[in-house]
Amino acid sequence: MDATATSTAWARQLRLWEDEELAGALARSPERRAVFETESGIPLKRVYTPLDAPAPDALELPGRYPYTRGPYPTLYRGRLWTMRMFAGFGTAEDTNRRFKALVAAGQTGLSTAFDMPTLMGYDSDHPLAEGEVGVEGVAIDTLADLELLFGGLDLERLSVSMTINPTAWIVYAMYVVLCRKRGYDLTRVSGTIQADILKEYQAQKEWIYPIRPSVRLVRDTIAWSASHTPRFNPISLSGYHISEAGANAVQEAAFVLANTITYIEEVLKVGLPIDAFAPRLSFFFTAQSDFFEEIAKYRALRRIYAQVLRDRFGARNPESLRLRFHAQTAAITLTRAQPYLNLVRTGYQALAAVLGGAQSLHTNSFDESYALPTEEAARLALRTQQILAEETNIDAVVDPLGGSYYVEWLTDALAGRILSLMAEIDARGGMIAATESGWVQAQIADTAYTVLQRKARGEKISVGVNKYVEQGPGPAFGVHASDPAVAARQLMRLEAVKAGRDSVRVQTLLSELKHQAATDANLMPITLDLVSAYATLGEIVAALKDVWGVYRES
Amino acid sequence: MTAVTPIRALLAKVGLDGHDRGVKVVARILRDAGMEVVYTGLHRSIAEVVEAAIEEDVDLLGVSLLSGAHLTIVPKLLDRLRERGAGDIVVMLGGVIPDADAARLKALGVAEVFLQDTPPDVIVARVRAHVAKRRGGF
């Protein structure tokens, strides 16, 4: 049968089905809801057929433009996704012990959580750091801390991801110096810093400087990394936090792609060709609870990214066109009520990420609605991934949902909506303007409020919270407690490092940093000199505040 | 006819914590319930928040904390309010706070600790009840 004959046959079969099966079924018992739709509000039919599937010219295969079906032709048959559990607390020694426990449990990459003062550019002895040193992540003040953090871990074998943003360039500099000291070949060092500052103003809200100098730091990092650490990802363009702050799948995808366009335009301005740095742009998305919408989201993202890189920026290297992403299950869906249910939620969300072709995955621990995870809870979350990878046979076929009438249709539907939203951002003058005006933040907050109302009305179910509620005390389990002695231990090391360094040299280099910041120079070389001289993260940040000022949300 | 003065609330983020999804949503919930709500924005100091609460003459100070720094921040905030003669302002917390810590903070004078997934109508009802008690005390 040719395509037209097939369509005609399907249209006829569909009509017959509606008359002979559907009409009777609906007459006997109506459907449970008048409208079925995705979490982002895309209305859904009750069944999909080839009439909804892609046009015949879209013959898509994995590892081939436009990469909808996956970035690589063999995907998990060649290499399983990296199991990368986000971990960090206390001092560098505390987190180093957790890293080693996770590696011993079979983890294949490291992912570092830093404490709030490190993320925001304050040393552990700053008054604003009080009560926050080593609480939400590990405290890093100087290169000495980073040396201890990764002590005894083979960084040529384990890739390291570091979730850090406004101070990312400093921690990246520390990492480079550490690798040099260990005698590693920098051209072979792999790893990732998040460094996606735009989504900070939009969602996660960790910032220091005004938007434009902050984007310049990202530009400097990407440009320096391209010529010195070509296997390192100098940015992880992140939808995760945008989603956690409230955005739906369409908003998450469109805002990330619009942020990507902004960074690319900035780096192109320093004269670097697109194919010199695009291969190392990496991504980070949420795995939310709408199973098929999430799978279709990853597929649509890969397709649009390849199109934008090829058609808008003229990229030619296939490595520039492949969207590679890390996924994390959605912390916002974790409940305090009946907390063991979080294990189940996380398992389904992880399945969506893997069916969507993730390169790397973090699974949340069931106790994270209470506190940072215990070692036992983190191990359960890791084992969830190991079951998926090694018991289910899910690794055997690339893009197993490709060709599903529904998934293909939903991929197209999401892509259409994502492109519309991206066009609206372009019309608003791009992502920096749309963020400075607060428009992006308002879009995210509006969706968050809608979700809350739907939960309050019982339209959006959270099992254990607004349905199947249990009274009385929940299960007893040990919760991670912060060690009150952490700050004192950290301050002792900071004092010792400061006493042992050449402080005159540090001051000279800080003056030089300020001087260069007022020009358009790349700030990575001077930052490498600073961290080598054991300048603190807080000193480097403060010096640039003198030049650029600070950001204040309007 | 006697008009009831609307409840006035200051919602605040203290310290380095940037999680503001919850506080923004609660601001809308209280506004939708007819209250007058001022939100401080992010990264405020304890002193700034206390002065703002006094200046805005609020019934309620709601503090959102998801950073784990609540045991450091909240006792200092309560002390500061009392020092400034504003110890009668109702203080409520929201965020990620372990049960044992929530009990300790309530013993120090925090009226309510709202954890994740507290329904909006519960928040509004508790705010109204505590503020009525405060106003009735005059």
# chains A, B, ... in the order shown; residues from 1 in each chain; ligands from 1
>>> residues_around(residues="Lys297 (chain A)", least_positions_apart="4", cutoff="12 Å", atoms="only C-alpha atoms", output="MDAnalysis selection string")
chainID A and resid 38:40 68:69 239 248:254 285:288 290:293 301:305 352:353 355:358 407:418
>>> write_last_selection(atoms="N, CA and C atoms", output="short mmCIF file (atom, residue, chain, number, x, y, z; two decimals), in the first residue's frame")
data_model
loop_
_atom_site.label_atom_id
_atom_site.label_comp_id
_atom_site.auth_asym_id
_atom_site.auth_seq_id
_atom_site.Cartn_x
_atom_site.Cartn_y
_atom_site.Cartn_z
N THR A 38 -1.74 16.76 28.91
CA THR A 38 -0.43 16.61 29.55
C THR A 38 -0.30 17.64 30.67
N GLU A 39 0.73 17.49 31.47
CA GLU A 39 1.00 18.43 32.56
C GLU A 39 1.17 19.87 32.04
N SER A 40 1.71 20.03 30.85
CA SER A 40 1.86 21.38 30.30
C SER A 40 0.60 21.85 29.60
N THR A 68 16.69 13.45 17.03
CA THR A 68 15.50 13.26 17.87
C THR A 68 15.58 11.94 18.62
N ARG A 69 16.07 10.91 17.95
CA ARG A 69 16.05 9.54 18.51
C ARG A 69 17.27 9.22 19.35
N GLY A 239 17.64 23.14 32.78
CA GLY A 239 16.20 23.34 32.92
C GLY A 239 15.69 22.87 34.27
N ASN A 248 6.53 24.45 33.46
CA ASN A 248 6.12 23.18 32.87
C ASN A 248 7.16 22.76 31.82
N ALA A 249 6.90 21.63 31.17
CA ALA A 249 7.89 21.06 30.25
C ALA A 249 8.19 22.00 29.07
N VAL A 250 7.17 22.66 28.55
CA VAL A 250 7.37 23.56 27.42
C VAL A 250 8.23 24.75 27.84
N GLN A 251 7.92 25.31 29.00
CA GLN A 251 8.69 26.46 29.49
C GLN A 251 10.13 26.06 29.80
N GLU A 252 10.29 24.92 30.46
CA GLU A 252 11.64 24.45 30.79
C GLU A 252 12.49 24.38 29.51
N ALA A 253 11.94 23.72 28.50
CA ALA A 253 12.70 23.50 27.26
C ALA A 253 12.97 24.82 26.53
N ALA A 254 11.93 25.64 26.40
CA ALA A 254 12.10 26.89 25.63
C ALA A 254 13.06 27.84 26.34
N PHE A 285 18.31 18.42 32.54
CA PHE A 285 16.85 18.58 32.60
C PHE A 285 16.25 17.77 33.74
N THR A 286 15.05 18.17 34.10
CA THR A 286 14.32 17.43 35.11
C THR A 286 13.68 16.18 34.49
N ALA A 287 13.37 15.20 35.34
CA ALA A 287 12.49 14.10 34.94
C ALA A 287 11.27 14.20 35.85
N GLN A 288 10.24 14.82 35.34
CA GLN A 288 9.03 15.09 36.12
C GLN A 288 8.09 13.89 36.04
N ASP A 290 4.96 13.49 34.56
CA ASP A 290 4.16 13.13 33.38
C ASP A 290 5.07 12.32 32.45
N PHE A 291 4.93 11.02 32.54
CA PHE A 291 5.86 10.07 31.95
C PHE A 291 6.12 10.33 30.45
N PHE A 292 5.07 10.31 29.65
CA PHE A 292 5.27 10.43 28.19
C PHE A 292 5.65 11.85 27.79
N GLU A 293 5.13 12.84 28.52
CA GLU A 293 5.50 14.21 28.17
C GLU A 293 7.00 14.42 28.38
N LEU A 301 13.66 18.37 22.44
CA LEU A 301 14.83 19.21 22.73
C LEU A 301 15.99 18.88 21.82
N ARG A 302 16.25 17.57 21.66
CA ARG A 302 17.38 17.20 20.79
C ARG A 302 17.16 17.69 19.37
N ARG A 303 15.90 17.55 18.89
CA ARG A 303 15.61 17.94 17.50
C ARG A 303 15.79 19.45 17.32
N ILE A 304 15.18 20.23 18.23
CA ILE A 304 15.24 21.69 18.06
C ILE A 304 16.68 22.19 18.20
N TYR A 305 17.41 21.62 19.16
CA TYR A 305 18.79 22.05 19.36
C TYR A 305 19.61 21.85 18.08
N ALA A 352 11.58 7.35 32.77
CA ALA A 352 11.30 8.33 31.71
C ALA A 352 12.61 8.92 31.18
N ALA A 353 13.53 9.25 32.09
CA ALA A 353 14.81 9.85 31.65
C ALA A 353 15.57 8.89 30.76
N LEU A 355 14.32 6.25 29.01
CA LEU A 355 13.62 6.06 27.73
C LEU A 355 13.79 7.30 26.84
N GLY A 356 14.07 8.44 27.46
CA GLY A 356 14.32 9.67 26.71
C GLY A 356 15.78 9.81 26.29
N GLY A 357 16.64 8.87 26.69
CA GLY A 357 18.01 8.86 26.19
C GLY A 357 19.01 9.70 26.97
N ALA A 358 18.85 9.78 28.30
CA ALA A 358 19.77 10.58 29.11
C ALA A 358 21.19 10.01 29.09
N VAL A 407 3.95 8.89 21.03
CA VAL A 407 5.19 9.58 21.40
C VAL A 407 5.67 10.47 20.24
N GLU A 408 5.55 9.98 19.01
CA GLU A 408 5.97 10.81 17.87
C GLU A 408 5.07 12.05 17.75
N TRP A 409 3.76 11.83 17.92
CA TRP A 409 2.85 12.97 17.84
C TRP A 409 3.15 13.98 18.95
N LEU A 410 3.36 13.47 20.17
CA LEU A 410 3.60 14.36 21.30
C LEU A 410 4.94 15.08 21.15
N THR A 411 5.93 14.41 20.57
CA THR A 411 7.22 15.07 20.31
C THR A 411 7.01 16.27 19.37
N ASP A 412 6.23 16.05 18.31
CA ASP A 412 5.94 17.14 17.38
C ASP A 412 5.15 18.26 18.07
N ALA A 413 4.15 17.86 18.88
CA ALA A 413 3.30 18.87 19.52
C ALA A 413 4.12 19.73 20.49
N LEU A 414 4.98 19.07 21.26
CA LEU A 414 5.84 19.82 22.19
C LEU A 414 6.80 20.72 21.43
N ALA A 415 7.41 20.17 20.36
CA ALA A 415 8.36 20.97 19.59
C ALA A 415 7.69 22.24 19.07
N GLY A 416 6.47 22.11 18.60
CA GLY A 416 5.74 23.27 18.09
C GLY A 416 5.55 24.32 19.18
N ARG A 417 5.16 23.87 20.36
CA ARG A 417 4.93 24.84 21.45
C ARG A 417 6.23 25.44 21.96
N ILE A 418 7.29 24.64 22.00
CA ILE A 418 8.59 25.16 22.44
C ILE A 418 9.08 26.23 21.47
#
>>> closest_atom_pairs(of="chain B", to="chain A", cutoff="10 Å", atoms="only C-alpha atoms", output="JSON lines")
{"residue": "B:Gly15", "atom": "CA", "partner": "A:Leu128", "partner_atom": "CA", "distance": 6.9}
{"residue": "B:Leu16", "atom": "CA", "partner": "A:Met116", "partner_atom": "CA", "distance": 6.3}
{"residue": "B:Asp17", "atom": "CA", "partner": "A:Met116", "partner_atom": "CA", "distance": 7.2}
{"residue": "B:Gly18", "atom": "CA", "partner": "A:Lys205", "partner_atom": "CA", "distance": 4.8}
{"residue": "B:His19", "atom": "CA", "partner": "A:Gln204", "partner_atom": "CA", "distance": 6.5}
{"residue": "B:Asp20", "atom": "CA", "partner": "A:Ala245", "partner_atom": "CA", "distance": 7.6}
{"residue": "B:Arg21", "atom": "CA", "partner": "A:Ala245", "partner_atom": "CA", "distance": 5.4}
{"residue": "B:Gly22", "atom": "CA", "partner": "A:Ala245", "partner_atom": "CA", "distance": 8.7}
{"residue": "B:Lys24", "atom": "CA", "partner": "A:Ala445", "partner_atom": "CA", "distance": 7.4}
{"residue": "B:Val25", "atom": "CA", "partner": "A:Tyr449", "partner_atom": "CA", "distance": 5.8}
{"residue": "B:Val26", "atom": "CA", "partner": "A:Tyr449", "partner_atom": "CA", "distance": 9.1}
{"residue": "B:Arg28", "atom": "CA", "partner": "A:Tyr449", "partner_atom": "CA", "distance": 8.0}
{"residue": "B:Ile29", "atom": "CA", "partner": "A:Tyr449", "partner_atom": "CA", "distance": 8.9}
{"residue": "B:Gly41", "atom": "CA", "partner": "A:Glu553", "partner_atom": "CA", "distance": 7.2}
{"residue": "B:Leu42", "atom": "CA", "partner": "A:Glu553", "partner_atom": "CA", "distance": 7.6}
{"residue": "B:His43", "atom": "CA", "partner": "A:Arg552", "partner_atom": "CA", "distance": 9.4}
{"residue": "B:Ser45", "atom": "CA", "partner": "A:Leu128", "partner_atom": "CA", "distance": 8.4}
{"residue": "B:Leu66", "atom": "CA", "partner": "A:Glu136", "partner_atom": "CA", "distance": 9.5}
{"residue": "B:Ser67", "atom": "CA", "partner": "A:Glu136", "partner_atom": "CA", "distance": 6.5}
{"residue": "B:Gly68", "atom": "CA", "partner": "A:Val135", "partner_atom": "CA", "distance": 6.5}
{"residue": "B:Ala69", "atom": "CA", "partner": "A:Gly131", "partner_atom": "CA", "distance": 5.4}
{"residue": "B:His70", "atom": "CA", "partner": "A:Gly131", "partner_atom": "CA", "distance": 8.2}
{"residue": "B:Leu71", "atom": "CA", "partner": "A:Gly131", "partner_atom": "CA", "distance": 7.9}
{"residue": "B:Thr72", "atom": "CA", "partner": "A:Gly131", "partner_atom": "CA", "distance": 5.4}
{"residue": "B:Ile73", "atom": "CA", "partner": "A:Gly131", "partner_atom": "CA", "distance": 7.5}
{"residue": "B:Gly95", "atom": "CA", "partner": "A:Ser369", "partner_atom": "CA", "distance": 10.0}
{"residue": "B:Val96", "atom": "CA", "partner": "A:Tyr370", "partner_atom": "CA", "distance": 6.5}
{"residue": "B:Ile97", "atom": "CA", "partner": "A:Tyr370", "partner_atom": "CA", "distance": 6.8}
{"residue": "B:Pro98", "atom": "CA", "partner": "A:Tyr370", "partner_atom": "CA", "distance": 5.7}
{"residue": "B:Asp99", "atom": "CA", "partner": "A:Tyr370", "partner_atom": "CA", "distance": 8.3}
{"residue": "B:Leu115", "atom": "CA", "partner": "A:Arg336", "partner_atom": "CA", "distance": 8.4}
{"residue": "B:Gln116", "atom": "CA", "partner": "A:Arg336", "partner_atom": "CA", "distance": 7.2}
{"residue": "B:Asp117", "atom": "CA", "partner": "A:Val465", "partner_atom": "CA", "distance": 7.0}
{"residue": "B:Thr118", "atom": "CA", "partner": "A:Val465", "partner_atom": "CA", "distance": 8.9}
{"residue": "B:Pro119", "atom": "CA", "partner": "A:Ala456", "partner_atom": "CA", "distance": 6.1}
{"residue": "B:Pro120", "atom": "CA", "partner": "A:Ala456", "partner_atom": "CA", "distance": 7.0}
{"residue": "B:Asp121", "atom": "CA", "partner": "A:Ala456", "partner_atom": "CA", "distance": 8.4}
>>> atom_distance(atom1="CA of Arg324 (chain A)", atom2="CA of Leu281 (chain A)")
8.2 Å
>>> select_by_dssp(residues="chain B", states="strand (DSSP E or B)", output="list in words")
Arg8, Ala9, Leu10, Leu11, Ala12, Lys13, Val14, Glu36, Val37, Val38, Tyr39, Arg44, Leu60, Leu61, Gly62, Val63, Ser64, Leu65, Val90, Val91, Met92, Leu93, Gly94, Gly95, Glu112, Val113 and Phe114 of chain B
>>> closest_residue(among="A:Arg98, A:Ala3, A:Arg79, A:Ile235", to="Leu51 (chain A)", atoms="only C-alpha atoms")
A:Ala3
>>> residues_around(residues="Ala129 (chain B)", least_positions_apart="2", cutoff="12 Å", atoms="only C-alpha atoms", output="JSON list (two decimals) with C-alpha atoms, in the first residue's frame")
[["chain", "number", "residue", "atom", "x", "y", "z"],
["B", 7, "ILE", "CA", -4.49, 41.44, 58.10],
["B", 59, "ASP", "CA", 0.40, 41.42, 62.23],
["B", 60, "LEU", "CA", 2.38, 38.54, 60.79],
["B", 90, "VAL", "CA", 3.08, 36.63, 64.99],
["B", 111, "ALA", "CA", 3.40, 30.26, 66.01],
["B", 112, "GLU", "CA", 3.36, 27.81, 63.10],
["B", 122, "VAL", "CA", -5.05, 25.61, 56.20],
["B", 123, "ILE", "CA", -2.44, 28.37, 55.90],
["B", 124, "VAL", "CA", -5.13, 31.06, 55.65],
["B", 125, "ALA", "CA", -7.14, 29.64, 58.58],
["B", 126, "ARG", "CA", -4.10, 29.41, 60.89],
["B", 127, "VAL", "CA", -2.97, 32.93, 59.99],
["B", 131, "VAL", "CA", -3.78, 37.18, 64.21],
["B", 132, "ALA", "CA", -7.25, 37.28, 65.81],
["B", 133, "LYS", "CA", -5.67, 36.13, 69.08],
["B", 134, "ARG", "CA", -2.99, 38.84, 68.80],
["B", 135, "ARG", "CA", -5.51, 41.58, 68.03],
["B", 136, "GLY", "CA", -7.86, 40.37, 70.73]]
>>> residues_around(residues="region 375-388 of chain A", least_positions_apart="2", cutoff="10 Å", atoms="only C-alpha atoms", output="PDB file with N, CA and C atoms, in the first residue's frame")
ATOM      1  N   TRP A  81      24.312   4.903  30.703  1.00  0.00           N
ATOM      2  CA  TRP A  81      24.357   6.266  31.237  1.00  0.00           C
ATOM      3  C   TRP A  81      25.239   6.286  32.481  1.00  0.00           C
ATOM      4  N   THR A  82      25.805   7.473  32.752  1.00  0.00           N
ATOM      5  CA  THR A  82      26.628   7.632  33.950  1.00  0.00           C
ATOM      6  C   THR A  82      25.722   7.776  35.164  1.00  0.00           C
ATOM      7  N   MET A  83      25.990   6.987  36.193  1.00  0.00           N
ATOM      8  CA  MET A  83      25.203   7.078  37.419  1.00  0.00           C
ATOM      9  C   MET A  83      25.931   8.029  38.346  1.00  0.00           C
ATOM     10  N   ARG A  84      25.311   9.184  38.517  1.00  0.00           N
ATOM     11  CA  ARG A  84      26.019  10.296  39.120  1.00  0.00           C
ATOM     12  C   ARG A  84      25.153  10.870  40.224  1.00  0.00           C
ATOM     13  N   MET A  85      25.476  10.513  41.473  1.00  0.00           N
ATOM     14  CA  MET A  85      24.669  10.976  42.599  1.00  0.00           C
ATOM     15  C   MET A  85      25.251  12.268  43.158  1.00  0.00           C
ATOM     16  N   PHE A  86      24.382  13.258  43.261  1.00  0.00           N
ATOM     17  CA  PHE A  86      24.724  14.588  43.769  1.00  0.00           C
ATOM     18  C   PHE A  86      25.006  14.461  45.264  1.00  0.00           C
ATOM     19  N   ALA A  87      26.197  14.839  45.697  1.00  0.00           N
ATOM     20  CA  ALA A  87      26.518  14.667  47.111  1.00  0.00           C
ATOM     21  C   ALA A  87      27.459  15.776  47.583  1.00  0.00           C
ATOM     22  N   ARG A  98      31.912  10.381  51.583  1.00  0.00           N
ATOM     23  CA  ARG A  98      30.670  10.000  50.900  1.00  0.00           C
ATOM     24  C   ARG A  98      30.952   9.613  49.444  1.00  0.00           C
ATOM     25  N   ALA A 101      32.283   6.172  49.338  1.00  0.00           N
ATOM     26  CA  ALA A 101      31.241   5.179  49.604  1.00  0.00           C
ATOM     27  C   ALA A 101      30.379   4.963  48.353  1.00  0.00           C
ATOM     28  N   LEU A 102      30.069   6.042  47.634  1.00  0.00           N
ATOM     29  CA  LEU A 102      29.237   5.920  46.426  1.00  0.00           C
ATOM     30  C   LEU A 102      30.000   5.197  45.318  1.00  0.00           C
ATOM     31  N   ALA A 105      29.947   1.675  45.961  1.00  0.00           N
ATOM     32  CA  ALA A 105      28.633   1.084  45.691  1.00  0.00           C
ATOM     33  C   ALA A 105      28.342   0.975  44.198  1.00  0.00           C
ATOM     34  N   GLY A 106      29.279   1.399  43.360  1.00  0.00           N
ATOM     35  CA  GLY A 106      29.116   1.208  41.924  1.00  0.00           C
ATOM     36  C   GLY A 106      28.795   2.465  41.136  1.00  0.00           C
ATOM     37  N   GLN A 107      28.829   3.616  41.785  1.00  0.00           N
ATOM     38  CA  GLN A 107      28.607   4.869  41.060  1.00  0.00           C
ATOM     39  C   GLN A 107      29.714   5.071  40.038  1.00  0.00           C
ATOM     40  N   ASN A 342       8.353   7.909  47.802  1.00  0.00           N
ATOM     41  CA  ASN A 342       9.309   8.645  46.973  1.00  0.00           C
ATOM     42  C   ASN A 342      10.239   7.711  46.201  1.00  0.00           C
ATOM     43  N   LEU A 343      10.473   6.531  46.741  1.00  0.00           N
ATOM     44  CA  LEU A 343      11.285   5.542  46.020  1.00  0.00           C
ATOM     45  C   LEU A 343      10.602   5.149  44.716  1.00  0.00           C
ATOM     46  N   VAL A 344       9.279   4.997  44.785  1.00  0.00           N
ATOM     47  CA  VAL A 344       8.511   4.564  43.619  1.00  0.00           C
ATOM     48  C   VAL A 344       8.442   5.691  42.589  1.00  0.00           C
ATOM     49  N   THR A 346      10.467   8.124  42.184  1.00  0.00           N
ATOM     50  CA  THR A 346      11.786   8.334  41.604  1.00  0.00           C
ATOM     51  C   THR A 346      12.090   7.255  40.564  1.00  0.00           C
ATOM     52  N   GLY A 347      11.655   6.032  40.833  1.00  0.00           N
ATOM     53  CA  GLY A 347      11.885   4.953  39.871  1.00  0.00           C
ATOM     54  C   GLY A 347      11.197   5.216  38.534  1.00  0.00           C
ATOM     55  N   TYR A 348       9.935   5.667  38.594  1.00  0.00           N
ATOM     56  CA  TYR A 348       9.216   5.954  37.339  1.00  0.00           C
ATOM     57  C   TYR A 348       9.840   7.129  36.597  1.00  0.00           C
ATOM     58  N   ALA A 350      12.951   8.097  36.737  1.00  0.00           N
ATOM     59  CA  ALA A 350      14.223   7.633  36.174  1.00  0.00           C
ATOM     60  C   ALA A 350      13.973   6.855  34.878  1.00  0.00           C
ATOM     61  N   LEU A 351      12.909   6.066  34.876  1.00  0.00           N
ATOM     62  CA  LEU A 351      12.559   5.309  33.659  1.00  0.00           C
ATOM     63  C   LEU A 351      12.286   6.259  32.488  1.00  0.00           C
ATOM     64  N   VAL A 354      15.556   7.605  31.104  1.00  0.00           N
ATOM     65  CA  VAL A 354      16.318   6.618  30.347  1.00  0.00           C
ATOM     66  C   VAL A 354      15.635   6.329  29.002  1.00  0.00           C
ATOM     67  N   LEU A 361      22.516  10.410  35.018  1.00  0.00           N
ATOM     68  CA  LEU A 361      21.273  10.471  35.803  1.00  0.00           C
ATOM     69  C   LEU A 361      21.571  10.539  37.297  1.00  0.00           C
ATOM     70  N   HIS A 362      20.839  11.419  37.973  1.00  0.00           N
ATOM     71  CA  HIS A 362      20.799  11.437  39.441  1.00  0.00           C
ATOM     72  C   HIS A 362      19.393  11.050  39.864  1.00  0.00           C
ATOM     73  N   THR A 363      19.292  10.094  40.759  1.00  0.00           N
ATOM     74  CA  THR A 363      17.996   9.736  41.321  1.00  0.00           C
ATOM     75  C   THR A 363      17.929  10.278  42.745  1.00  0.00           C
ATOM     76  N   ASN A 364      16.835  10.980  43.063  1.00  0.00           N
ATOM     77  CA  ASN A 364      16.702  11.559  44.400  1.00  0.00           C
ATOM     78  C   ASN A 364      16.523  10.461  45.436  1.00  0.00           C
ATOM     79  N   SER A 365      16.939  10.755  46.652  1.00  0.00           N
ATOM     80  CA  SER A 365      16.746   9.833  47.761  1.00  0.00           C
ATOM     81  C   SER A 365      15.397  10.105  48.413  1.00  0.00           C
ATOM     82  N   PHE A 366      14.799   9.036  48.958  1.00  0.00           N
ATOM     83  CA  PHE A 366      13.423   9.169  49.462  1.00  0.00           C
ATOM     84  C   PHE A 366      13.317  10.119  50.647  1.00  0.00           C
ATOM     85  N   ASP A 367      14.428  10.357  51.333  1.00  0.00           N
ATOM     86  CA  ASP A 367      14.372  11.173  52.560  1.00  0.00           C
ATOM     87  C   ASP A 367      14.671  12.646  52.308  1.00  0.00           C
ATOM     88  N   GLU A 368      14.753  13.063  51.028  1.00  0.00           N
ATOM     89  CA  GLU A 368      15.162  14.438  50.750  1.00  0.00           C
ATOM     90  C   GLU A 368      14.067  15.461  51.015  1.00  0.00           C
ATOM     91  N   LEU A 372      19.084  16.513  53.881  1.00  0.00           N
ATOM     92  CA  LEU A 372      20.016  15.892  52.943  1.00  0.00           C
ATOM     93  C   LEU A 372      19.957  14.378  53.119  1.00  0.00           C
ATOM     94  N   PRO A 373      20.230  13.610  52.077  1.00  0.00           N
ATOM     95  CA  PRO A 373      20.082  12.163  52.208  1.00  0.00           C
ATOM     96  C   PRO A 373      21.133  11.526  53.118  1.00  0.00           C
ATOM     97  N   GLU A 390      20.457  -2.841  34.695  1.00  0.00           N
ATOM     98  CA  GLU A 390      21.022  -4.183  34.589  1.00  0.00           C
ATOM     99  C   GLU A 390      20.021  -5.314  34.759  1.00  0.00           C
ATOM    100  N   GLU A 391      18.761  -4.967  35.133  1.00  0.00           N
ATOM    101  CA  GLU A 391      17.772  -6.043  35.262  1.00  0.00           C
ATOM    102  C   GLU A 391      16.659  -5.974  34.213  1.00  0.00           C
ATOM    103  N   THR A 392      16.409  -4.803  33.640  1.00  0.00           N
ATOM    104  CA  THR A 392      15.196  -4.643  32.827  1.00  0.00           C
ATOM    105  C   THR A 392      15.412  -4.856  31.333  1.00  0.00           C
ATOM    106  N   ASN A 393      16.657  -4.983  30.882  1.00  0.00           N
ATOM    107  CA  ASN A 393      16.971  -5.128  29.451  1.00  0.00           C
ATOM    108  C   ASN A 393      16.630  -3.863  28.656  1.00  0.00           C
ATOM    109  N   ILE A 394      16.533  -2.746  29.378  1.00  0.00           N
ATOM    110  CA  ILE A 394      16.126  -1.497  28.730  1.00  0.00           C
ATOM    111  C   ILE A 394      17.241  -0.935  27.855  1.00  0.00           C
ATOM    112  N   ASP A 395      18.472  -1.457  28.058  1.00  0.00           N
ATOM    113  CA  ASP A 395      19.629  -0.919  27.342  1.00  0.00           C
ATOM    114  C   ASP A 395      19.796  -1.506  25.939  1.00  0.00           C
ATOM    115  N   PHE A 477      12.743   6.636  60.494  1.00  0.00           N
ATOM    116  CA  PHE A 477      14.018   6.350  59.834  1.00  0.00           C
ATOM    117  C   PHE A 477      15.002   7.451  60.217  1.00  0.00           C
ATOM    118  N   GLY A 478      16.263   7.120  60.190  1.00  0.00           N
ATOM    119  CA  GLY A 478      17.280   8.096  60.572  1.00  0.00           C
ATOM    120  C   GLY A 478      17.403   9.183  59.519  1.00  0.00           C
ATOM    121  N   VAL A 479      17.528  10.432  59.949  1.00  0.00           N
ATOM    122  CA  VAL A 479      17.668  11.556  59.032  1.00  0.00           C
ATOM    123  C   VAL A 479      19.065  12.144  59.201  1.00  0.00           C
ATOM    124  N   HIS A 480      19.635  12.588  58.081  1.00  0.00           N
ATOM    125  CA  HIS A 480      20.959  13.214  58.110  1.00  0.00           C
ATOM    126  C   HIS A 480      20.933  14.434  59.031  1.00  0.00           C
TER     127      HIS A 480
END
>>> closest_residue(among="A:Gln507, A:Asn317, A:Gln349, A:Ser289", to="Pro273 (chain A)", atoms="only C-alpha atoms")
A:Asn317
>>> select_by_dssp(residues="region 19-113 of chain B", states="alpha helix (DSSP H)", output="ChimeraX atom specification")
/B:21-32,46-55,70-83,99-107
>>> residues_around(residues="Gln338 (chain A)", least_positions_apart="2", cutoff="7 Å", atoms="only C-alpha atoms", output="PyMOL selection string")
chain A and resi 336+340-341+464+474
>>> atom_distance(atom1="CA of Arg46 (chain A)", atom2="CA of Leu401 (chain A)")
17.9 Å
>>> residues_around(residues="Tyr406 (chain A)", least_positions_apart="6", cutoff="10 Å", atoms="only C-alpha atoms", output="PyMOL selection string")
chain A and resi 44-50+52-53+292+296+412
>>> residues_around(residues="region 257-272 of chain A", least_positions_apart="5", cutoff="10 Å", atoms="only C-alpha atoms", output="ChimeraX atom specification")
/A:196-199,215-216,218-223,226-227,235-239,251-252,277-278,281-283,301,304-305,308-309,312-313,418-419,421-423,425-426,430-432,520,522
>>> decode(residues="region 67-71 of chain A", atoms="N, CA and C atoms", output="compact mmCIF listing (two decimals), in the first residue's frame")
# COMPACT_ATOMS: atom_id res chain seq x y z
N TYR A 67 18.76 14.12 15.31
CA TYR A 67 19.09 13.52 16.62
C TYR A 67 17.90 13.34 17.56
N THR A 68 16.69 13.45 17.03
CA THR A 68 15.50 13.26 17.87
C THR A 68 15.58 11.94 18.62
N ARG A 69 16.07 10.91 17.95
CA ARG A 69 16.05 9.54 18.51
C ARG A 69 17.27 9.22 19.35
N GLY A 70 18.14 10.20 19.52
CA GLY A 70 19.29 9.97 20.40
C GLY A 70 20.54 10.60 19.84
N PRO A 71 21.49 10.96 20.71
CA PRO A 71 22.69 11.62 20.24
C PRO A 71 23.69 10.66 19.58
